[in-house]
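This is start08.cif (mmCIF, C-alpha atoms and all ligand atoms).
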```
data_run
#
loop_
_atom_site.label_atom_id
_atom_site.label_comp_id
_atom_site.auth_asym_id
_atom_site.auth_seq_id
_atom_site.Cartn_x
_atom_site.Cartn_y
_atom_site.Cartn_z
CA MET A 1 -12.51 17.12 -12.92
CA ARG A 2 -14.56 14.18 -14.18
CA ILE A 3 -15.46 11.64 -11.51
CA PHE A 4 -16.73 8.09 -11.79
CA SER A 5 -17.38 5.55 -9.07
CA GLY A 6 -19.73 2.72 -8.24
CA ILE A 7 -20.69 -0.09 -5.92
CA ARG A 8 -21.87 -3.64 -6.63
CA PRO A 9 -25.45 -4.11 -5.37
CA SER A 10 -24.60 -7.49 -3.83
CA GLY A 11 -26.40 -6.58 -0.65
CA ASN A 12 -27.00 -3.22 0.98
CA LEU A 13 -24.26 -0.81 1.92
CA HIS A 14 -22.06 -1.22 4.97
CA LEU A 15 -20.05 1.35 6.86
CA GLY A 16 -16.92 0.43 4.85
CA ASN A 17 -18.69 1.29 1.58
CA TYR A 18 -19.81 4.56 3.10
CA LEU A 19 -16.50 5.65 4.63
CA GLY A 20 -14.33 4.30 1.79
CA ALA A 21 -16.50 5.52 -1.07
CA VAL A 22 -19.87 7.27 -0.70
CA LYS A 23 -18.72 9.84 1.91
CA ASN A 24 -16.08 11.00 -0.57
CA TRP A 25 -18.52 11.06 -3.50
CA ILE A 26 -20.70 13.45 -1.55
CA GLU A 27 -17.75 15.72 -0.81
CA LEU A 28 -16.58 15.65 -4.44
CA GLN A 29 -19.93 16.09 -6.19
CA ASN A 30 -20.26 19.79 -5.35
CA LYS A 31 -16.66 20.89 -5.74
CA PRO A 32 -16.44 23.88 -8.08
CA ASP A 33 -13.94 22.13 -10.37
CA THR A 34 -16.21 19.08 -10.78
CA GLU A 35 -17.35 19.10 -14.37
CA LEU A 36 -19.13 15.75 -14.25
CA ALA A 37 -19.70 13.23 -11.45
CA VAL A 38 -21.19 9.85 -12.34
CA PHE A 39 -22.09 7.28 -9.69
CA GLY A 40 -23.27 3.83 -10.64
CA VAL A 41 -25.06 0.88 -9.17
CA MET A 42 -22.86 -1.71 -10.83
CA ASP A 43 -25.51 -4.34 -11.46
CA TYR A 44 -23.56 -6.16 -14.20
CA HIS A 45 -20.66 -6.56 -11.79
CA GLY A 46 -23.12 -7.70 -9.13
CA ILE A 47 -24.18 -10.74 -11.18
CA THR A 48 -20.63 -12.11 -11.31
CA THR A 49 -21.17 -13.52 -7.80
CA PRO A 50 -24.24 -15.43 -6.51
CA TYR A 51 -27.43 -13.36 -6.48
CA ASP A 52 -31.20 -13.82 -6.53
CA PRO A 53 -32.80 -12.78 -9.83
CA LYS A 54 -36.21 -12.54 -8.13
CA THR A 55 -35.13 -9.77 -5.76
CA TYR A 56 -32.26 -8.23 -7.71
CA ARG A 57 -34.18 -5.42 -9.41
CA ASN A 58 -35.42 -4.18 -6.02
CA GLN A 59 -32.00 -4.62 -4.54
CA VAL A 60 -30.55 -2.35 -7.23
CA LEU A 61 -33.21 0.29 -6.49
CA SER A 62 -32.55 -0.04 -2.78
CA VAL A 63 -28.84 0.69 -3.25
CA ALA A 64 -29.67 3.71 -5.45
CA THR A 65 -32.00 4.88 -2.65
CA GLU A 66 -29.16 4.46 -0.17
CA TYR A 67 -26.86 6.68 -2.26
CA ILE A 68 -29.46 9.46 -2.28
CA SER A 69 -30.22 9.00 1.43
CA ALA A 70 -26.52 9.38 2.20
CA GLY A 71 -26.47 12.77 0.47
CA LEU A 72 -25.86 12.12 -3.21
CA ASN A 73 -27.69 14.76 -5.16
CA PRO A 74 -28.16 13.64 -8.78
CA ASP A 75 -29.44 16.45 -10.99
CA GLY A 76 -29.32 14.47 -14.22
CA LYS A 77 -26.85 16.95 -15.72
CA LYS A 78 -23.63 17.36 -13.77
CA ILE A 79 -24.27 14.71 -11.12
CA LEU A 80 -25.56 11.42 -12.51
CA LEU A 81 -26.85 8.31 -10.76
CA ILE A 82 -27.05 5.35 -13.11
CA ARG A 83 -27.60 1.61 -13.30
CA GLN A 84 -24.71 0.08 -15.20
CA SER A 85 -26.97 -2.28 -17.18
CA ARG A 86 -29.03 0.67 -18.48
CA VAL A 87 -26.05 2.30 -20.18
CA PRO A 88 -25.07 -0.46 -22.64
CA GLN A 89 -22.05 1.45 -23.92
CA HIS A 90 -20.17 0.32 -20.79
CA THR A 91 -20.30 -3.31 -21.94
CA GLU A 92 -19.70 -2.37 -25.56
CA LEU A 93 -16.49 -0.58 -24.59
CA ALA A 94 -15.56 -3.52 -22.36
CA TRP A 95 -15.73 -5.80 -25.41
CA LEU A 96 -13.45 -3.51 -27.36
CA PHE A 97 -11.01 -3.41 -24.42
CA ASN A 98 -11.19 -7.23 -24.22
CA THR A 99 -9.49 -7.35 -27.59
CA ILE A 100 -6.43 -5.50 -26.27
CA THR A 101 -6.16 -6.82 -22.70
CA PRO A 102 -3.67 -9.66 -22.20
CA ILE A 103 -5.00 -12.57 -20.13
CA SER A 104 -1.82 -12.38 -18.03
CA TRP A 105 -2.89 -8.96 -16.65
CA LEU A 106 -6.13 -10.44 -15.32
CA ASN A 107 -4.43 -13.61 -14.06
CA ARG A 108 -2.28 -11.43 -11.86
CA LEU A 109 -5.24 -10.02 -9.89
CA PRO A 110 -6.01 -11.46 -6.46
CA THR A 111 -9.73 -10.51 -6.56
CA TYR A 112 -10.69 -13.21 -9.08
CA LYS A 113 -9.04 -15.95 -7.05
CA GLU A 114 -10.52 -14.66 -3.78
CA GLN A 115 -14.07 -14.58 -5.19
CA LEU A 116 -13.61 -18.03 -6.66
CA GLU A 117 -12.64 -19.39 -3.27
CA LYS A 118 -15.86 -17.94 -1.82
CA SER A 119 -18.10 -19.25 -4.64
CA PRO A 120 -16.29 -22.05 -6.51
CA LYS A 121 -19.31 -22.68 -8.80
CA TYR A 122 -19.01 -19.15 -10.18
CA ASN A 123 -15.95 -19.94 -12.24
CA HIS A 124 -16.90 -18.07 -15.40
CA ILE A 125 -15.48 -15.54 -17.83
CA GLY A 126 -17.58 -12.68 -16.37
CA LEU A 127 -15.80 -12.91 -13.04
CA PHE A 128 -12.42 -13.14 -14.70
CA ASP A 129 -13.21 -10.21 -16.99
CA TYR A 130 -14.61 -8.04 -14.19
CA PRO A 131 -11.68 -5.55 -14.22
CA VAL A 132 -12.04 -4.91 -17.98
CA LEU A 133 -15.67 -3.89 -17.50
CA MET A 134 -14.58 -1.68 -14.61
CA ALA A 135 -11.99 0.02 -16.85
CA ALA A 136 -14.73 0.59 -19.42
CA ASP A 137 -17.06 2.07 -16.76
CA ILE A 138 -14.45 4.68 -15.93
CA LEU A 139 -12.95 5.40 -19.34
CA ALA A 140 -16.32 5.64 -21.12
CA TYR A 141 -16.72 8.98 -19.32
CA LYS A 142 -13.03 9.85 -19.63
CA ALA A 143 -13.09 10.18 -15.86
CA GLY A 144 -9.77 11.04 -14.25
CA THR A 145 -10.84 10.85 -10.60
CA VAL A 146 -12.12 7.61 -9.13
CA PRO A 147 -12.95 7.73 -5.41
CA VAL A 148 -12.67 4.11 -4.24
CA GLY A 149 -11.30 2.24 -1.23
CA ALA A 150 -7.85 0.66 -1.09
CA ASP A 151 -9.14 -2.78 -2.15
CA GLN A 152 -9.84 -1.44 -5.65
CA MET A 153 -6.29 -0.23 -6.37
CA ALA A 154 -5.33 -3.27 -8.47
CA HIS A 155 -8.39 -2.59 -10.66
CA ILE A 156 -7.39 1.04 -11.07
CA ASP A 157 -3.89 -0.06 -12.12
CA ILE A 158 -5.39 -2.30 -14.82
CA THR A 159 -7.60 0.60 -15.97
CA ASN A 160 -4.48 2.73 -16.46
CA GLU A 161 -2.68 -0.08 -18.27
CA ILE A 162 -5.62 -0.58 -20.63
CA ALA A 163 -5.81 3.18 -21.30
CA LYS A 164 -2.09 3.32 -22.01
CA LYS A 165 -2.21 0.32 -24.32
CA PHE A 166 -5.19 1.73 -26.21
CA ASN A 167 -3.38 5.06 -26.65
CA SER A 168 -0.24 3.38 -27.91
CA MET A 169 -2.15 1.21 -30.39
CA PHE A 170 -4.74 3.68 -31.68
CA GLY A 171 -3.55 7.16 -30.72
CA GLU A 172 -3.92 9.40 -27.67
CA THR A 173 -7.49 8.99 -26.35
CA PHE A 174 -7.54 8.40 -22.59
CA SER A 175 -5.72 10.22 -19.78
CA SER A 176 -4.56 8.49 -16.63
CA VAL A 177 -6.93 7.79 -13.76
CA LYS A 178 -6.24 8.76 -10.15
CA VAL A 179 -7.71 7.82 -6.81
CA PRO A 180 -8.05 10.81 -4.45
CA LYS A 181 -6.74 10.45 -0.90
CA ILE A 182 -9.42 8.77 1.17
CA GLU A 183 -9.26 8.60 4.98
CA GLY A 184 -11.58 5.61 5.35
CA ALA A 185 -10.06 3.64 2.49
CA ARG A 186 -9.63 0.48 4.56
CA ILE A 187 -12.27 -0.24 7.18
CA MET A 188 -11.79 -3.69 8.65
CA SER A 189 -14.18 -6.42 9.81
CA LEU A 190 -15.42 -6.05 13.40
CA GLN A 191 -14.75 -9.74 13.95
CA ASN A 192 -11.35 -10.01 12.30
CA PRO A 193 -9.32 -6.82 11.91
CA ASN A 194 -7.07 -8.53 9.35
CA ASN A 195 -9.94 -8.77 6.85
CA LYS A 196 -11.72 -5.84 5.27
CA MET A 197 -15.31 -5.12 6.23
CA SER A 198 -17.24 -6.85 3.48
CA LYS A 199 -20.75 -7.75 2.40
CA THR A 200 -19.79 -11.23 1.21
CA THR A 201 -18.78 -13.10 4.32
CA SER A 202 -19.13 -16.48 5.90
CA ALA A 203 -22.72 -15.42 6.70
CA GLY A 204 -23.44 -15.48 2.94
CA SER A 205 -23.69 -12.83 0.28
CA GLY A 206 -25.29 -9.62 1.47
CA GLN A 207 -25.54 -10.85 5.07
CA ALA A 208 -22.56 -9.44 6.79
CA GLY A 209 -23.35 -11.02 10.16
CA ASP A 210 -21.45 -9.44 13.01
CA GLU A 211 -18.54 -8.45 10.79
CA ALA A 212 -20.01 -5.34 9.23
CA ILE A 213 -22.32 -2.54 10.28
CA MET A 214 -24.93 -2.08 7.60
CA LEU A 215 -26.25 1.46 7.05
CA LEU A 216 -29.76 0.10 7.54
CA ASP A 217 -29.01 -1.77 10.80
CA THR A 218 -31.34 -0.95 13.68
CA PRO A 219 -29.85 0.83 16.72
CA ASP A 220 -29.87 -2.44 18.66
CA GLU A 221 -28.14 -4.31 15.86
CA VAL A 222 -25.44 -1.61 15.81
CA ARG A 223 -25.03 -1.75 19.59
CA ASN A 224 -24.81 -5.55 19.59
CA LYS A 225 -22.28 -5.69 16.77
CA ILE A 226 -20.02 -3.10 18.38
CA LYS A 227 -20.34 -4.79 21.77
CA LYS A 228 -19.30 -8.10 20.19
CA ALA A 229 -16.50 -6.53 18.12
CA VAL A 230 -13.13 -8.13 18.92
CA THR A 231 -10.58 -6.05 20.81
CA ASP A 232 -6.83 -6.43 21.37
CA SER A 233 -4.89 -7.48 24.43
CA GLY A 234 -4.08 -4.74 26.95
CA SER A 235 -6.46 -1.99 27.86
CA GLU A 236 -5.08 1.19 26.32
CA ILE A 237 -7.08 2.97 23.61
CA LYS A 238 -4.32 3.70 21.18
CA PHE A 239 -3.94 3.77 17.40
CA ASP A 240 -1.32 1.15 16.53
CA ILE A 241 -2.18 -0.98 13.51
CA LYS A 242 0.46 -3.62 14.29
CA GLU A 243 -0.07 -4.09 18.01
CA LYS A 244 -3.72 -3.04 18.22
CA PRO A 245 -5.42 -3.65 14.87
CA ALA A 246 -8.93 -4.03 16.30
CA ILE A 247 -8.86 -0.89 18.48
CA SER A 248 -7.19 1.04 15.64
CA ASN A 249 -10.05 0.09 13.34
CA LEU A 250 -12.65 1.16 15.89
CA LEU A 251 -10.77 4.44 16.41
CA SER A 252 -10.74 5.06 12.64
CA ILE A 253 -14.48 4.47 12.43
CA PHE A 254 -15.10 6.75 15.43
CA SER A 255 -12.89 9.47 14.00
CA LEU A 256 -14.54 9.42 10.56
CA VAL A 257 -18.07 9.29 11.90
CA VAL A 258 -17.66 12.29 14.23
CA ASN A 259 -15.00 14.10 12.15
CA LYS A 260 -12.55 14.21 15.04
CA GLU A 261 -8.81 13.53 14.76
CA ILE A 262 -7.62 10.21 16.18
CA PRO A 263 -5.11 11.79 18.67
CA GLU A 264 -7.96 13.82 20.10
CA LEU A 265 -9.98 10.63 20.66
CA GLU A 266 -6.96 8.87 22.18
CA LYS A 267 -6.70 11.73 24.67
CA GLN A 268 -10.41 11.70 25.39
CA TYR A 269 -10.31 7.94 26.15
CA SER A 270 -6.88 7.80 27.81
CA ASN A 271 -8.25 6.62 31.17
CA LYS A 272 -11.32 4.85 29.91
CA SER A 273 -12.01 1.13 29.42
CA TYR A 274 -12.60 -0.67 26.14
CA SER A 275 -16.24 -1.13 27.07
CA GLU A 276 -16.79 2.58 27.76
CA PHE A 277 -15.15 3.39 24.43
CA LYS A 278 -17.29 0.82 22.61
CA ASN A 279 -20.48 2.07 24.26
CA ASP A 280 -19.74 5.61 23.10
CA LEU A 281 -18.80 4.41 19.62
CA ALA A 282 -22.10 2.53 19.34
CA GLU A 283 -24.04 5.65 20.27
CA VAL A 284 -22.20 7.90 17.79
CA VAL A 285 -22.79 5.36 15.01
CA VAL A 286 -26.48 5.08 15.92
CA SER A 287 -26.88 8.89 15.86
CA PHE A 288 -24.95 9.12 12.63
CA LEU A 289 -27.19 6.53 10.93
CA LYS A 290 -30.46 8.05 12.17
CA PRO A 291 -30.89 10.84 9.57
CA PHE A 292 -29.72 8.48 6.82
CA GLN A 293 -32.32 5.89 7.80
CA GLU A 294 -35.09 8.49 8.08
CA LYS A 295 -34.30 9.77 4.61
CA TYR A 296 -34.18 6.21 3.28
CA LYS A 297 -37.63 5.49 4.70
CA GLU A 298 -39.02 8.67 3.18
CA ILE A 299 -37.55 8.09 -0.29
CA ASN A 300 -38.38 4.41 -0.24
CA SER A 301 -42.05 5.22 0.18
CA ASN A 302 -41.94 6.60 -3.36
CA PRO A 303 -39.76 4.25 -5.45
CA ASN A 304 -41.08 5.77 -8.70
CA GLU A 305 -39.19 8.95 -7.91
CA VAL A 306 -35.91 7.05 -7.64
CA GLU A 307 -36.65 5.27 -10.91
CA GLU A 308 -37.31 8.64 -12.61
CA THR A 309 -34.10 10.10 -11.22
CA LEU A 310 -32.19 7.12 -12.57
CA ILE A 311 -33.79 7.31 -16.02
CA LYS A 312 -33.01 11.03 -16.34
CA SER A 313 -29.37 10.43 -15.45
CA GLU A 314 -29.10 7.36 -17.68
CA GLU A 315 -30.33 9.34 -20.71
CA ASN A 316 -27.62 11.90 -20.21
CA ALA A 317 -25.01 9.24 -19.48
CA ILE A 318 -25.82 7.54 -22.79
CA ASN A 319 -25.21 10.84 -24.61
CA ILE A 320 -21.84 11.30 -22.94
CA VAL A 321 -20.51 7.77 -23.43
CA SER A 322 -21.82 7.54 -27.00
CA SER A 323 -19.33 10.16 -28.07
CA THR A 324 -16.45 8.18 -26.49
CA LEU A 325 -17.66 5.01 -28.20
CA LYS A 326 -17.86 6.78 -31.54
CA GLU A 327 -14.29 8.03 -31.17
CA VAL A 328 -12.98 4.63 -30.02
CA LYS A 329 -14.71 2.71 -32.81
CA GLU A 330 -13.47 5.11 -35.46
CA LYS A 331 -9.91 4.81 -34.16
CA MET A 332 -10.21 1.01 -34.14
CA GLY A 333 -11.39 0.98 -37.75
CA LEU A 334 -14.95 -0.06 -36.99
P1 LIG B 401 -17.48 -2.90 -4.04
O1 LIG B 401 -18.92 -3.02 -4.29
O2 LIG B 401 -16.73 -4.08 -3.55
O3 LIG B 401 -17.18 -1.73 -3.05
C1 LIG B 401 -17.67 -0.45 -3.32
C2 LIG B 401 -16.80 0.63 -2.75
O4 LIG B 401 -16.66 0.51 -1.35
C3 LIG B 401 -15.29 0.43 -1.01
N1 LIG B 401 -15.13 -0.50 0.11
C4 LIG B 401 -14.45 -0.21 1.21
N2 LIG B 401 -13.79 0.90 1.60
C5 LIG B 401 -13.21 0.89 2.81
N3 LIG B 401 -13.25 -0.19 3.63
C6 LIG B 401 -13.91 -1.32 3.29
N4 LIG B 401 -13.97 -2.35 4.11
C7 LIG B 401 -14.54 -1.37 2.03
N5 LIG B 401 -15.26 -2.30 1.36
C8 LIG B 401 -15.62 -1.75 0.19
C9 LIG B 401 -14.60 -0.11 -2.25
O5 LIG B 401 -13.22 0.20 -2.27
C10 LIG B 401 -15.37 0.58 -3.34
O6 LIG B 401 -14.91 1.89 -3.53
N6 LIG B 401 -15.33 -3.04 -8.41
C11 LIG B 401 -16.08 -2.17 -7.59
C12 LIG B 401 -17.33 -1.61 -8.24
C13 LIG B 401 -17.07 -0.92 -9.53
C14 LIG B 401 -16.43 0.33 -9.71
C15 LIG B 401 -16.42 0.56 -11.12
C16 LIG B 401 -15.86 1.24 -8.83
C17 LIG B 401 -17.41 -1.37 -10.75
N7 LIG B 401 -17.02 -0.49 -11.72
C18 LIG B 401 -15.83 1.70 -11.64
C19 LIG B 401 -15.29 2.39 -9.37
C20 LIG B 401 -15.26 2.60 -10.76
C21 LIG B 401 -16.50 -2.96 -6.39
O7 LIG B 401 -16.62 -4.14 -6.41
O8 LIG B 401 -16.77 -2.29 -5.34
#
```
How does the structure come out when it is put into structure tokens?
Ligand code: TYM
Amino acid sequence: MRIFSGIRPSGNLHLGNYLGAVKNWIELQNKPDTELAVFGVMDYHGITTPYDPKTYRNQVLSVATEYISAGLNPDGKKILLIRQSRVPQHTELAWLFNTITPISWLNRLPTYKEQLEKSPKYNHIGLFDYPVLMAADILAYKAGTVPVGADQMAHIDITNEIAKKFNSMFGETFSSVKVPKIEGARIMSLQNPNNKMSKTTSAGSGQAGDEAIMLLDTPDEVRNKIKKAVTDSGSEIKFDIKEKPAISNLLSIFSLVVNKEIPELEKQYSNKSYSEFKNDLAEVVVSFLKPFQEKYKEINSNPNEVEETLIKSEENAINIVSSTLKEVKEKMGL
């Protein structure tokens, strides 16, 4: 099994990123059938939406530090932690894929239009071409397993279409890409359970306001956000996405954070009020974040170590993707 996944460093990580992606990376990295697991800070993707060039380099390092604090264990050989911009073969492969990707495939994607609505000034080719670079990120390593949340499915479909088209034009090169089953694939906003929890919100990029719990939020911030989280009418604590989307979302978060099945939690809270449930949820989230935040503080006191870890992984990544690039270029007559 070859695994690839990544996150845009447009702000620090929120609980949705953790439950929908990073938690699964950590589980997958040590599986005996994992031959290679590459996790990226997708800094080229991150510059397709507004960002601050003065703080960006540190922001990228901070996200890498968050991955390690959450339990990612890059050894530079089998488990790699990279910055996308430091492995230039990703963008080289993206250019080659650009020459075989019909514009109509990208026009079909909702993500481009959604981002454009949020930042109308960012109407550029990079944003439009985002999915082609993502396909290159994955296929450069010939990864077949991509642990991502549900919002990325349209991008995974395009990746498979590009792989298929390349194979049909130049000969069998890439296998199909699959997303493993992920329990926390769709964590919703605490303020509006119809929207996903996201780092780009009305509060501005990277400032999730009350909508998202950030992994680096203080205990009081967590408590306040959960206290303010919207609930549904009625008083029963029951998982029912249609009738009770807000409580269902809070139940999902609770269940994933403490590794308890939802029916068990429903039973536990059958005679309890929303506020008792929310108080308990706040405390389990605070306890869950504590070791992560302690590790983050410890690692962050020595940023050179993170930089060295990244460089070691990036060197190996370049070796791996260079062989794919060589094969692709030869097949394309370059
Ligand atoms: P990004 O940065 O938007 O999100 C990173 C990961 O977090 C997941 N996620 C969520 N999961 C559950 N609930 C949520 N509310 C939630 N919000 C985010 C996302 O599904 C994703 O797994 N395009 C990617 C970055 C990327 C990438 C790649 C991923 C670039 N190249 C190659 C995999 C493979 C993105 O924007 O993720």
Check every protein, DNA and RNA residue against ligand LIG 401 (chain B), keep those with an atom at most 6 Å away (counting all atoms listed in the file), and present them as an mmCIF file with C-alpha atoms, in the coordinates of the input.
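The result, stored in selection-v7.cif:
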```cif
data_model
loop_
_atom_site.group_PDB
_atom_site.id
_atom_site.type_symbol
_atom_site.label_atom_id
_atom_site.label_comp_id
_atom_site.auth_asym_id
_atom_site.auth_seq_id
_atom_site.Cartn_x
_atom_site.Cartn_y
_atom_site.Cartn_z
ATOM 1 C CA PHE A 4 -16.730 8.090 -11.790
ATOM 2 C CA SER A 5 -17.380 5.550 -9.070
ATOM 3 C CA GLY A 6 -19.730 2.720 -8.240
ATOM 4 C CA ILE A 7 -20.690 -0.090 -5.920
ATOM 5 C CA ARG A 8 -21.870 -3.640 -6.630
ATOM 6 C CA GLY A 16 -16.920 0.430 4.850
ATOM 7 C CA ASN A 17 -18.690 1.290 1.580
ATOM 8 C CA GLY A 20 -14.330 4.300 1.790
ATOM 9 C CA ALA A 21 -16.500 5.520 -1.070
ATOM 10 C CA MET A 42 -22.860 -1.710 -10.830
ATOM 11 C CA MET A 134 -14.580 -1.680 -14.610
ATOM 12 C CA ASP A 137 -17.060 2.070 -16.760
ATOM 13 C CA ILE A 138 -14.450 4.680 -15.930
ATOM 14 C CA VAL A 148 -12.670 4.110 -4.240
ATOM 15 C CA GLY A 149 -11.300 2.240 -1.230
ATOM 16 C CA ALA A 150 -7.850 0.660 -1.090
ATOM 17 C CA ASP A 151 -9.140 -2.780 -2.150
ATOM 18 C CA GLN A 152 -9.840 -1.440 -5.650
ATOM 19 C CA GLY A 184 -11.580 5.610 5.350
ATOM 20 C CA ALA A 185 -10.060 3.640 2.490
ATOM 21 C CA ARG A 186 -9.630 0.480 4.560
ATOM 22 C CA ILE A 187 -12.270 -0.240 7.180
ATOM 23 C CA MET A 188 -11.790 -3.690 8.650
ATOM 24 C CA LYS A 196 -11.720 -5.840 5.270
ATOM 25 C CA MET A 197 -15.310 -5.120 6.230
ATOM 26 C CA SER A 198 -17.240 -6.850 3.480
#
```
Worksheet entry | Counting only C-alpha atoms, the option among A:Phe166, A:Val321, A:Val222, A:Ser313 closest to Ile100 (chain A) |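 Of A:Phe166, A:Val321, A:Val222, A:Ser313, the one nearest Ile100 (chain A), counting only C-alpha atoms, is A:Phe166.
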12 Å contact set for Leu116 (chain A), only C-alpha atoms, chain neighbours under 5 positions out, as a JSON list (two decimals) with C-alpha atoms, in the frame of the given file:
```
[["chain", "number", "residue", "atom", "x", "y", "z"],
["A", 48, "THR", "CA", -20.63, -12.11, -11.31],
["A", 49, "THR", "CA", -21.17, -13.52, -7.80],
["A", 50, "PRO", "CA", -24.24, -15.43, -6.51],
["A", 110, "PRO", "CA", -6.01, -11.46, -6.46],
["A", 111, "THR", "CA", -9.73, -10.51, -6.56],
["A", 121, "LYS", "CA", -19.31, -22.68, -8.80],
["A", 122, "TYR", "CA", -19.01, -19.15, -10.18],
["A", 123, "ASN", "CA", -15.95, -19.94, -12.24],
["A", 124, "HIS", "CA", -16.90, -18.07, -15.40],
["A", 125, "ILE", "CA", -15.48, -15.54, -17.83],
["A", 126, "GLY", "CA", -17.58, -12.68, -16.37],
["A", 127, "LEU", "CA", -15.80, -12.91, -13.04],
["A", 128, "PHE", "CA", -12.42, -13.14, -14.70]]
```
Worksheet entry | Selected residue of minimal separation from Leu15 (chain A) among A:Tyr51, A:Phe288, A:Tyr112, A:Phe239, counting all atoms listed in the file |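 Of A:Tyr51, A:Phe288, A:Tyr112, A:Phe239, the one nearest Leu15 (chain A) is A:Phe288, counting all atoms listed in the file.
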Fill in: For Phe170 (chain A), the nearest of the candidates A:Phe97, A:Tyr130, A:Tyr269, A:Phe277, counting only C-alpha atoms
A:Phe97
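The coordinates place CA of Gly71 (chain A) at 26.8 Å from CA of Asn279 (chain A).
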Item to complete: Would you mind telling me which residue in A:Asn12, A:Met153, A:Leu61, A:Gln191 lies nearest to Glu305 (chain A) when using only C-alpha atoms?
Response: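 Closest residue, counting only C-alpha atoms: A:Leu61.
In terms of minimum interatomic distance to Leu19 (chain A), A:Asn259 ranks closest within A:Asn302, A:Asn160, A:Asn259, A:Asn192, counting all atoms listed in the file.
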Discussion item. Please report the interatomic distance between CA of Ser270 (chain A) and CA of Ser248 (chain A) in Å with one decimal.
Written reply: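 Pair CA of Ser270 (chain A) / CA of Ser248 (chain A) returns 13.9 Å.
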Item to complete: Determine the nearest neighbour of His45 (chain A) from the options A:Asp75, A:Glu92, A:Asp220, A:Asp129, counting all atoms listed in the file.
Response: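 Of A:Asp75, A:Glu92, A:Asp220, A:Asp129, the one nearest His45 (chain A), counting all atoms listed in the file, is A:Asp129.
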Worksheet item: Taking (-6.2, 9.8, -25.0) in the file's coordinates as the center, which residues reach within 10 Å of it, counting all atoms listed in the file, put as number ranges by chain?
Response: A: 139, 142, 163-164, 166-168, 170-176, 328
Worksheet entry | Interatomic distance, CA of Phe39 (chain A) to CA of Asp217 (chain A) (Å, one decimal) |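 Atom-to-atom, CA of Phe39 (chain A) to CA of Asp217 (chain A), that is 23.4 Å.
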Fill in: Within 9 Å of Leu81 (chain A) using only C-alpha atoms, minus same-chain residues under 6 positions, as a ChimeraX atom specification
/A:37-41,64,67-68,72-75,309-314,317
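Excluding Glu264 (chain A) itself and any same-chain residue fewer than 2 positions from it, the protein and nucleic acid residues within 12 Å of it, counting only C-alpha atoms, are A:Ile237, A:Lys238, A:Phe239, A:Leu251, A:Ser252, A:Phe254, A:Ser255, A:Val258, A:Asn259, A:Lys260, A:Glu261, A:Ile262, A:Glu266, A:Lys267, A:Gln268, A:Tyr269, A:Ser270.
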Could you write those residues out with C-alpha atoms, as a short mmCIF file (atom, residue, chain, number, x, y, z; two decimals), keeping the file's coordinate frame?
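selection.cif, freshly written:
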```
data_model
loop_
_atom_site.label_atom_id
_atom_site.label_comp_id
_atom_site.auth_asym_id
_atom_site.auth_seq_id
_atom_site.Cartn_x
_atom_site.Cartn_y
_atom_site.Cartn_z
CA ILE A 237 -7.08 2.97 23.61
CA LYS A 238 -4.32 3.70 21.18
CA PHE A 239 -3.94 3.77 17.40
CA LEU A 251 -10.77 4.44 16.41
CA SER A 252 -10.74 5.06 12.64
CA PHE A 254 -15.10 6.75 15.43
CA SER A 255 -12.89 9.47 14.00
CA VAL A 258 -17.66 12.29 14.23
CA ASN A 259 -15.00 14.10 12.15
CA LYS A 260 -12.55 14.21 15.04
CA GLU A 261 -8.81 13.53 14.76
CA ILE A 262 -7.62 10.21 16.18
CA GLU A 266 -6.96 8.87 22.18
CA LYS A 267 -6.70 11.73 24.67
CA GLN A 268 -10.41 11.70 25.39
CA TYR A 269 -10.31 7.94 26.15
CA SER A 270 -6.88 7.80 27.81
#
```
Non-local contacts of Lys227 (chain A) (12 Å; all atoms listed in the file; under 5 positions in same chain excluded) as a compact mmCIF listing (two decimals) with C-alpha atoms, keeping the file's coordinate frame:
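Output (out24.txt):
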```txt
# COMPACT_ATOMS: atom_id res chain seq x y z
CA LEU A 190 -15.42 -6.05 13.40
CA GLN A 191 -14.75 -9.74 13.95
CA ASP A 210 -21.45 -9.44 13.01
CA GLU A 211 -18.54 -8.45 10.79
CA ILE A 213 -22.32 -2.54 10.28
CA ASP A 220 -29.87 -2.44 18.66
CA GLU A 221 -28.14 -4.31 15.86
CA VAL A 222 -25.44 -1.61 15.81
CA LEU A 250 -12.65 1.16 15.89
CA TYR A 274 -12.60 -0.67 26.14
CA SER A 275 -16.24 -1.13 27.07
CA GLU A 276 -16.79 2.58 27.76
CA PHE A 277 -15.15 3.39 24.43
CA LYS A 278 -17.29 0.82 22.61
CA ASN A 279 -20.48 2.07 24.26
CA ASP A 280 -19.74 5.61 23.10
CA LEU A 281 -18.80 4.41 19.62
CA ALA A 282 -22.10 2.53 19.34
CA GLU A 283 -24.04 5.65 20.27
```
Discussion item. Counting all atoms listed in the file, I want the residues whose atoms come within 12 Å of (-28.9, 0.1, 10.1) in the file frame, returned as a ChimeraX atom specification.
Written reply: /A:12-15,66,208,212-225,282,285-294,296-297
Residues within 12 Å of Asn319 (chain A), all atoms listed in the file, excluding chain neighbours under 4 positions, as a tab-separated table (two decimals) with C-alpha atoms, in the coordinates of the input:
```
chain	number	residue	atom	x	y	z
A	76	GLY	CA	-29.32	14.47	-14.22
A	77	LYS	CA	-26.85	16.95	-15.72
A	87	VAL	CA	-26.05	2.30	-20.18
A	88	PRO	CA	-25.07	-0.46	-22.64
A	89	GLN	CA	-22.05	1.45	-23.92
A	140	ALA	CA	-16.32	5.64	-21.12
A	141	TYR	CA	-16.72	8.98	-19.32
A	312	LYS	CA	-33.01	11.03	-16.34
A	313	SER	CA	-29.37	10.43	-15.45
A	314	GLU	CA	-29.10	7.36	-17.68
A	315	GLU	CA	-30.33	9.34	-20.71
A	323	SER	CA	-19.33	10.16	-28.07
A	324	THR	CA	-16.45	8.18	-26.49
A	325	LEU	CA	-17.66	5.01	-28.20
A	326	LYS	CA	-17.86	6.78	-31.54
```
